[in-house]
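Asker: Before anything else, here's the structure in question.
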Amino acid sequence: MSTDGLAWMNFFIIYIALPALFFNLLSQTPIDQLTNWGFIFASVLGTYCAFAIAFCAGVFSSDGDVPESTIQGLSAAYGNIGYMGPGIVLAAFGPEAAVPLALIFCFDNTLHFAIAPLMMSIGGTGPREGFAKATLKVLTRIFTHPFIIATIVGVAAAFVEFRPPDAIGKLLNYLMNAAAPCALFAMGVTIAMTPRGRIPKVMGILVPIKLIIHPLLVYLLVSWVGDFPPVWVYTAVLLSALPTATNVFVIAQQYETWIQRASSMVLVTTTLAVITVTGLLYLIQERIIPPDLFPAG
């Protein structure tokens, strides 16, 4: 497939299919489920802790290079929740996983969109901007992202109990059903076309953080914060166990930092995730991993 063809497929996935998926699922969800701040706090904190650990490891390995350490932190905390997440989570847990999936996607991406420009500005990479201008750029990037727009519109529709006309509803269903398979296909093509870089020693630390420590942190925090439905807990853990997002490679290119190694991180974690994610799904399906480590009473 040419890069032009992949660009059009990515456009369809990012701007049409996945937004339709998020809107459809959220608009049909009771509003009280969409404001579970304890769950949001626990899952995002787990992701932030994974970033912090990997960032510190990057600081030691790069002699204090903040931009490089930032990309390393993102590579261990920014999972492929956009392309890979919906397909795997909904196939494993069904439509009940739609709400935690959308919440984690929305707030995790908000975290990543804010961290990258902030840390790069601190590290002196990219143009110098005032605080107000930098903040406006971050907010614009967050609130113009099609997934987050679809999430906001879906929550608003759930609040007013809006249902689209039948014709529009059927079209949204067709687009929603195309989202997961197209996203997984595009992800595979993107990884195949991504240039390979040499594998640095620090990846011996970053890979376990992404595939093992990140989901473990989320599992502990979600269990500790509150008594959530088992599907919510398992969705949070599974999403955090996904390999490094290809967006990390895109961010590395944008800031011209750790580019080849970021591509290697995507490739290595995606390859190993065949084993780790499959193993995690087995442990979940067999209930070897309990849905709550700290049950009330």
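Naming scheme: A, B, ... for chains in displayed order of the structure tokens; residues 1 onward per chain; ligands 1 onward as shown.
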At most 8 Å is the cut-off: for each residue in stretch 162-245 of chain A with any atom that close to an atom of stretch 37-40 of chain A, write down the nearest atom pair and the distance in Å rounded to one decimal, counting only C-alpha atoms, chain first then increasing number, as JSON lines.

Answerer:
```
{"residue": "A:Val222", "atom": "CA", "partner": "A:Phe39", "partner_atom": "CA", "distance": 6.5}
{"residue": "A:Val225", "atom": "CA", "partner": "A:Gly38", "partner_atom": "CA", "distance": 6.5}
{"residue": "A:Gly226", "atom": "CA", "partner": "A:Gly38", "partner_atom": "CA", "distance": 6.9}
{"residue": "A:Phe228", "atom": "CA", "partner": "A:Phe39", "partner_atom": "CA", "distance": 7.6}
```

Asker: Any idea what's packed within 6 Å of stretch 156-167 of chain A, counting only C-alpha atoms, ignoring anything in its chain fewer than 2 positions away? Could you give it as a PyMOL selection string?

Answerer: chain A and resi 27+31+153-154+169-170

Asker: When distances are computed from only C-alpha atoms, which of A:Gly188, A:Pro100, A:Pro290, A:Pro67 shows the smallest separation from A:Ala42?

Answerer: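 Counting only C-alpha atoms, the residue closest to A:Ala42 is A:Pro100.
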
Asker: Between atom CA of A:Thr271 and atom CA of A:Ile259, what distance in Å does the model show, to one decimal?

Answerer: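 Separation of atom CA of A:Thr271 and atom CA of A:Ile259: 18.7 Å.
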
Asker: Give one line per residue of stretch 43-147 of chain A that approaches stretch 245-257 of chain A to at most 6 Å, naming the two atoms of the closest pair and their distance in Å to one decimal, counting only C-alpha atoms; sort by chain then ascending residue number and deliver it as JSON lines.

Answerer:
```
{"residue": "A:Glu68", "atom": "CA", "partner": "A:Thr257", "partner_atom": "CA", "distance": 5.8}
{"residue": "A:Tyr78", "atom": "CA", "partner": "A:Ala245", "partner_atom": "CA", "distance": 5.9}
{"residue": "A:Gly79", "atom": "CA", "partner": "A:Ala245", "partner_atom": "CA", "distance": 4.9}
{"residue": "A:Asn80", "atom": "CA", "partner": "A:Ala245", "partner_atom": "CA", "distance": 4.0}
```

Asker: Name the closest residue to A:Pro291 among the candidates A:Pro230, A:Pro30, A:Gly279, A:Gly87; distances are taken between atoms, counting only C-alpha atoms.

Answerer: A:Pro230

Asker: Please report the interatomic distance between atom CA of A:Leu21 and atom CA of A:Met176 in Å with one decimal.

Answerer: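 So the answer is 4.3 Å.
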
Asker: Tell me which protein, DNA and RNA residues are within 9 Å of A:Ile148, counting only C-alpha atoms, leaving out same-chain ones fewer than 5 positions away, and put them as a list in words.

Answerer: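 The neighbour list is Pro19, Phe22, Ala102, Phe105, Cys106, Phe107, Asn109, Thr110, Ile142, Phe143 and Val153 of chain A.
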
Asker: Just want the 12 Å neighbourhood of stretch 285-287 of chain A, counted on only C-alpha atoms, with same-chain residues fewer than 3 positions away dropped. Output as a CSV table (one decimal) with N, CA and C atoms, in the first residue's frame.

Answerer:
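Contents of part-v4.csv, as written:
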```csv
chain,number,residue,atom,x,y,z
A,92,ALA,N,-13.4,-8.5,23.3
A,92,ALA,CA,-13.1,-9.3,24.5
A,92,ALA,C,-14.3,-9.2,25.5
A,93,PHE,N,-14.8,-7.9,25.7
A,93,PHE,CA,-15.8,-7.7,26.8
A,93,PHE,C,-17.1,-7.2,26.3
A,230,PRO,N,-16.5,-5.3,37.1
A,230,PRO,CA,-15.4,-6.0,36.6
A,230,PRO,C,-15.0,-5.6,35.2
A,231,VAL,N,-15.9,-5.4,34.3
A,231,VAL,CA,-15.6,-5.0,32.9
A,231,VAL,C,-14.8,-3.7,32.9
A,234,TYR,N,-11.2,-4.6,34.1
A,234,TYR,CA,-10.5,-5.3,33.0
A,234,TYR,C,-10.2,-4.5,31.8
A,238,LEU,N,-6.5,-3.9,30.4
A,238,LEU,CA,-6.2,-4.3,29.0
A,238,LEU,C,-5.7,-3.1,28.2
A,278,THR,N,-2.2,-11.5,24.9
A,278,THR,CA,-2.9,-12.8,24.8
A,278,THR,C,-2.9,-13.5,26.2
A,279,GLY,N,-1.7,-13.4,26.8
A,279,GLY,CA,-1.7,-14.0,28.2
A,279,GLY,C,-2.6,-13.3,29.2
A,280,LEU,N,-2.6,-12.0,29.1
A,280,LEU,CA,-3.5,-11.2,30.0
A,280,LEU,C,-5.0,-11.5,29.7
A,281,LEU,N,-5.3,-11.6,28.4
A,281,LEU,CA,-6.7,-12.0,28.1
A,281,LEU,C,-7.1,-13.4,28.7
A,282,TYR,N,-6.2,-14.3,28.6
A,282,TYR,CA,-6.4,-15.6,29.2
A,282,TYR,C,-6.6,-15.5,30.7
A,290,PRO,N,-8.4,-11.4,39.8
A,290,PRO,CA,-9.7,-11.0,40.4
A,290,PRO,C,-10.0,-9.6,39.9
A,291,PRO,N,-11.3,-9.2,39.8
A,291,PRO,CA,-11.7,-7.9,39.3
A,291,PRO,C,-11.5,-6.8,40.4
A,292,ASP,N,-11.2,-7.2,41.6
A,292,ASP,CA,-10.9,-6.2,42.6
A,292,ASP,C,-10.0,-6.8,43.7
```

Asker: List every residue of stretch 226-275 of chain A that DSSP, applied to the backbone, labels as alpha helix (DSSP H), and write the result as an NGL selection string.

Answerer: :A and (230-240 or 246-255 or 259-275)

Asker: Dump N, CA and C atoms for the selected residues as a CSV table (one decimal), in the first residue's frame?

Answerer:
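Once written, result-v8.csv looks like this:
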```csv
chain,number,residue,atom,x,y,z
A,230,PRO,N,-16.5,-5.3,37.1
A,230,PRO,CA,-15.4,-6.0,36.6
A,230,PRO,C,-15.0,-5.6,35.2
A,231,VAL,N,-15.9,-5.4,34.3
A,231,VAL,CA,-15.6,-5.0,32.9
A,231,VAL,C,-14.8,-3.7,32.9
A,232,TRP,N,-15.1,-2.8,33.7
A,232,TRP,CA,-14.4,-1.5,33.8
A,232,TRP,C,-13.0,-1.7,34.2
A,233,VAL,N,-12.8,-2.5,35.2
A,233,VAL,CA,-11.4,-2.8,35.7
A,233,VAL,C,-10.6,-3.5,34.6
A,234,TYR,N,-11.2,-4.6,34.1
A,234,TYR,CA,-10.5,-5.3,33.0
A,234,TYR,C,-10.2,-4.5,31.8
A,235,THR,N,-11.1,-3.6,31.4
A,235,THR,CA,-10.9,-2.7,30.3
A,235,THR,C,-9.7,-1.8,30.5
A,236,ALA,N,-9.7,-1.2,31.7
A,236,ALA,CA,-8.5,-0.3,32.1
A,236,ALA,C,-7.2,-1.0,32.0
A,237,VAL,N,-7.2,-2.2,32.6
A,237,VAL,CA,-5.9,-3.0,32.6
A,237,VAL,C,-5.5,-3.4,31.2
A,238,LEU,N,-6.5,-3.9,30.4
A,238,LEU,CA,-6.2,-4.3,29.0
A,238,LEU,C,-5.7,-3.1,28.2
A,239,LEU,N,-6.3,-2.0,28.3
A,239,LEU,CA,-5.9,-0.8,27.5
A,239,LEU,C,-4.5,-0.4,27.9
A,240,SER,N,-4.2,-0.5,29.2
A,240,SER,CA,-2.8,-0.1,29.6
A,240,SER,C,-1.7,-1.1,29.2
A,246,THR,N,1.7,4.2,17.7
A,246,THR,CA,2.5,4.8,16.6
A,246,THR,C,2.6,6.3,16.6
A,247,ASN,N,1.7,6.9,17.4
A,247,ASN,CA,1.7,8.4,17.6
A,247,ASN,C,3.0,8.8,18.3
A,248,VAL,N,3.6,7.9,19.0
A,248,VAL,CA,4.9,8.3,19.7
A,248,VAL,C,5.9,8.5,18.7
A,249,PHE,N,5.9,7.7,17.6
A,249,PHE,CA,6.9,7.9,16.5
A,249,PHE,C,6.6,9.2,15.8
A,250,VAL,N,5.3,9.5,15.6
A,250,VAL,CA,5.0,10.8,15.0
A,250,VAL,C,5.4,12.0,15.8
A,251,ILE,N,5.2,11.9,17.1
A,251,ILE,CA,5.7,13.0,18.0
A,251,ILE,C,7.2,13.1,18.0
A,252,ALA,N,7.9,12.0,18.0
A,252,ALA,CA,9.4,12.0,17.9
A,252,ALA,C,9.8,12.7,16.6
A,253,GLN,N,9.1,12.4,15.5
A,253,GLN,CA,9.5,13.1,14.2
A,253,GLN,C,9.2,14.6,14.3
A,254,GLN,N,8.1,15.0,15.0
A,254,GLN,CA,7.7,16.4,15.1
A,254,GLN,C,8.8,17.2,15.8
A,255,TYR,N,9.4,16.6,16.8
A,255,TYR,CA,10.4,17.3,17.6
A,255,TYR,C,11.8,16.9,17.3
A,259,ILE,N,14.0,9.5,17.1
A,259,ILE,CA,13.1,9.1,16.1
A,259,ILE,C,13.2,7.6,15.8
A,260,GLN,N,14.4,7.2,15.4
A,260,GLN,CA,14.6,5.8,15.0
A,260,GLN,C,14.3,4.8,16.2
A,261,ARG,N,14.7,5.2,17.3
A,261,ARG,CA,14.5,4.4,18.5
A,261,ARG,C,13.0,4.3,18.9
A,262,ALA,N,12.3,5.4,18.7
A,262,ALA,CA,10.9,5.4,18.9
A,262,ALA,C,10.2,4.4,18.0
A,263,SER,N,10.6,4.3,16.7
A,263,SER,CA,10.1,3.3,15.8
A,263,SER,C,10.4,1.9,16.2
A,264,SER,N,11.6,1.7,16.8
A,264,SER,CA,11.9,0.4,17.3
A,264,SER,C,11.1,0.0,18.5
A,265,MET,N,10.8,1.0,19.3
A,265,MET,CA,9.9,0.7,20.5
A,265,MET,C,8.5,0.3,20.1
A,266,VAL,N,8.0,0.9,19.0
A,266,VAL,CA,6.7,0.6,18.5
A,266,VAL,C,6.7,-0.9,18.0
A,267,LEU,N,7.7,-1.2,17.2
A,267,LEU,CA,7.8,-2.5,16.6
A,267,LEU,C,8.0,-3.6,17.7
A,268,VAL,N,8.9,-3.4,18.6
A,268,VAL,CA,9.3,-4.4,19.6
A,268,VAL,C,8.1,-4.6,20.6
A,269,THR,N,7.4,-3.6,21.1
A,269,THR,CA,6.3,-3.8,22.0
A,269,THR,C,5.1,-4.4,21.3
A,270,THR,N,4.9,-4.0,20.0
A,270,THR,CA,3.8,-4.6,19.3
A,270,THR,C,4.0,-6.1,19.1
A,271,THR,N,5.3,-6.5,18.8
A,271,THR,CA,5.6,-7.9,18.6
A,271,THR,C,5.4,-8.7,19.9
A,272,LEU,N,6.0,-8.2,21.0
A,272,LEU,CA,5.9,-8.9,22.2
A,272,LEU,C,4.5,-8.9,22.8
A,273,ALA,N,3.7,-7.9,22.4
A,273,ALA,CA,2.3,-7.8,22.9
A,273,ALA,C,1.5,-9.0,22.4
A,274,VAL,N,1.9,-9.6,21.3
A,274,VAL,CA,1.2,-10.8,20.9
A,274,VAL,C,1.2,-11.8,22.0
A,275,ILE,N,2.2,-11.9,22.8
A,275,ILE,CA,2.4,-12.8,23.9
A,275,ILE,C,1.7,-12.3,25.1
```

Asker: Could you give me, as a list in words, the residues within 7 Å of A:Pro215, counting only C-alpha atoms and dropping anything in the same chain fewer than 2 positions from it?

Answerer: Leu211, Ile212, Ile213, Leu217, Val218, Tyr219, Val237, Ser240 and Ala241 of chain A

Asker: Just the selected residues (N, CA and C atoms), exported as an mmCIF file, in the first residue's frame, please.

Answerer:
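What follows is the written file part_30.cif:
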```
data_model
loop_
_atom_site.group_PDB
_atom_site.id
_atom_site.type_symbol
_atom_site.label_atom_id
_atom_site.label_comp_id
_atom_site.auth_asym_id
_atom_site.auth_seq_id
_atom_site.Cartn_x
_atom_site.Cartn_y
_atom_site.Cartn_z
ATOM 1 N N LEU A 211 4.621 -2.895 28.932
ATOM 2 C CA LEU A 211 3.816 -4.107 28.803
ATOM 3 C C LEU A 211 3.457 -4.767 30.124
ATOM 4 N N ILE A 212 4.202 -4.469 31.195
ATOM 5 C CA ILE A 212 3.959 -5.144 32.476
ATOM 6 C C ILE A 212 3.659 -4.157 33.603
ATOM 7 N N ILE A 213 4.553 -3.192 33.807
ATOM 8 C CA ILE A 213 4.409 -2.279 34.950
ATOM 9 C C ILE A 213 3.217 -1.344 34.768
ATOM 10 N N LEU A 217 0.263 -1.103 37.459
ATOM 11 C CA LEU A 217 -0.043 0.133 38.183
ATOM 12 C C LEU A 217 -1.523 0.498 38.065
ATOM 13 N N VAL A 218 -2.055 0.410 36.852
ATOM 14 C CA VAL A 218 -3.467 0.733 36.638
ATOM 15 C C VAL A 218 -4.359 -0.229 37.410
ATOM 16 N N TYR A 219 -4.015 -1.496 37.393
ATOM 17 C CA TYR A 219 -4.793 -2.505 38.116
ATOM 18 C C TYR A 219 -4.822 -2.208 39.618
ATOM 19 N N VAL A 237 -7.182 -2.246 32.561
ATOM 20 C CA VAL A 237 -5.934 -3.026 32.581
ATOM 21 C C VAL A 237 -5.520 -3.416 31.165
ATOM 22 N N SER A 240 -4.155 -0.458 29.164
ATOM 23 C CA SER A 240 -2.813 -0.059 29.608
ATOM 24 C C SER A 240 -1.746 -1.067 29.206
ATOM 25 N N ALA A 241 -2.167 -2.299 28.883
ATOM 26 C CA ALA A 241 -1.207 -3.341 28.483
ATOM 27 C C ALA A 241 -0.895 -3.321 26.988
#
```

Asker: When you draw a straight line from atom CA of A:Leu171 to atom CA of A:Thr140, how long is it in Å?

Answerer: 28.8 Å
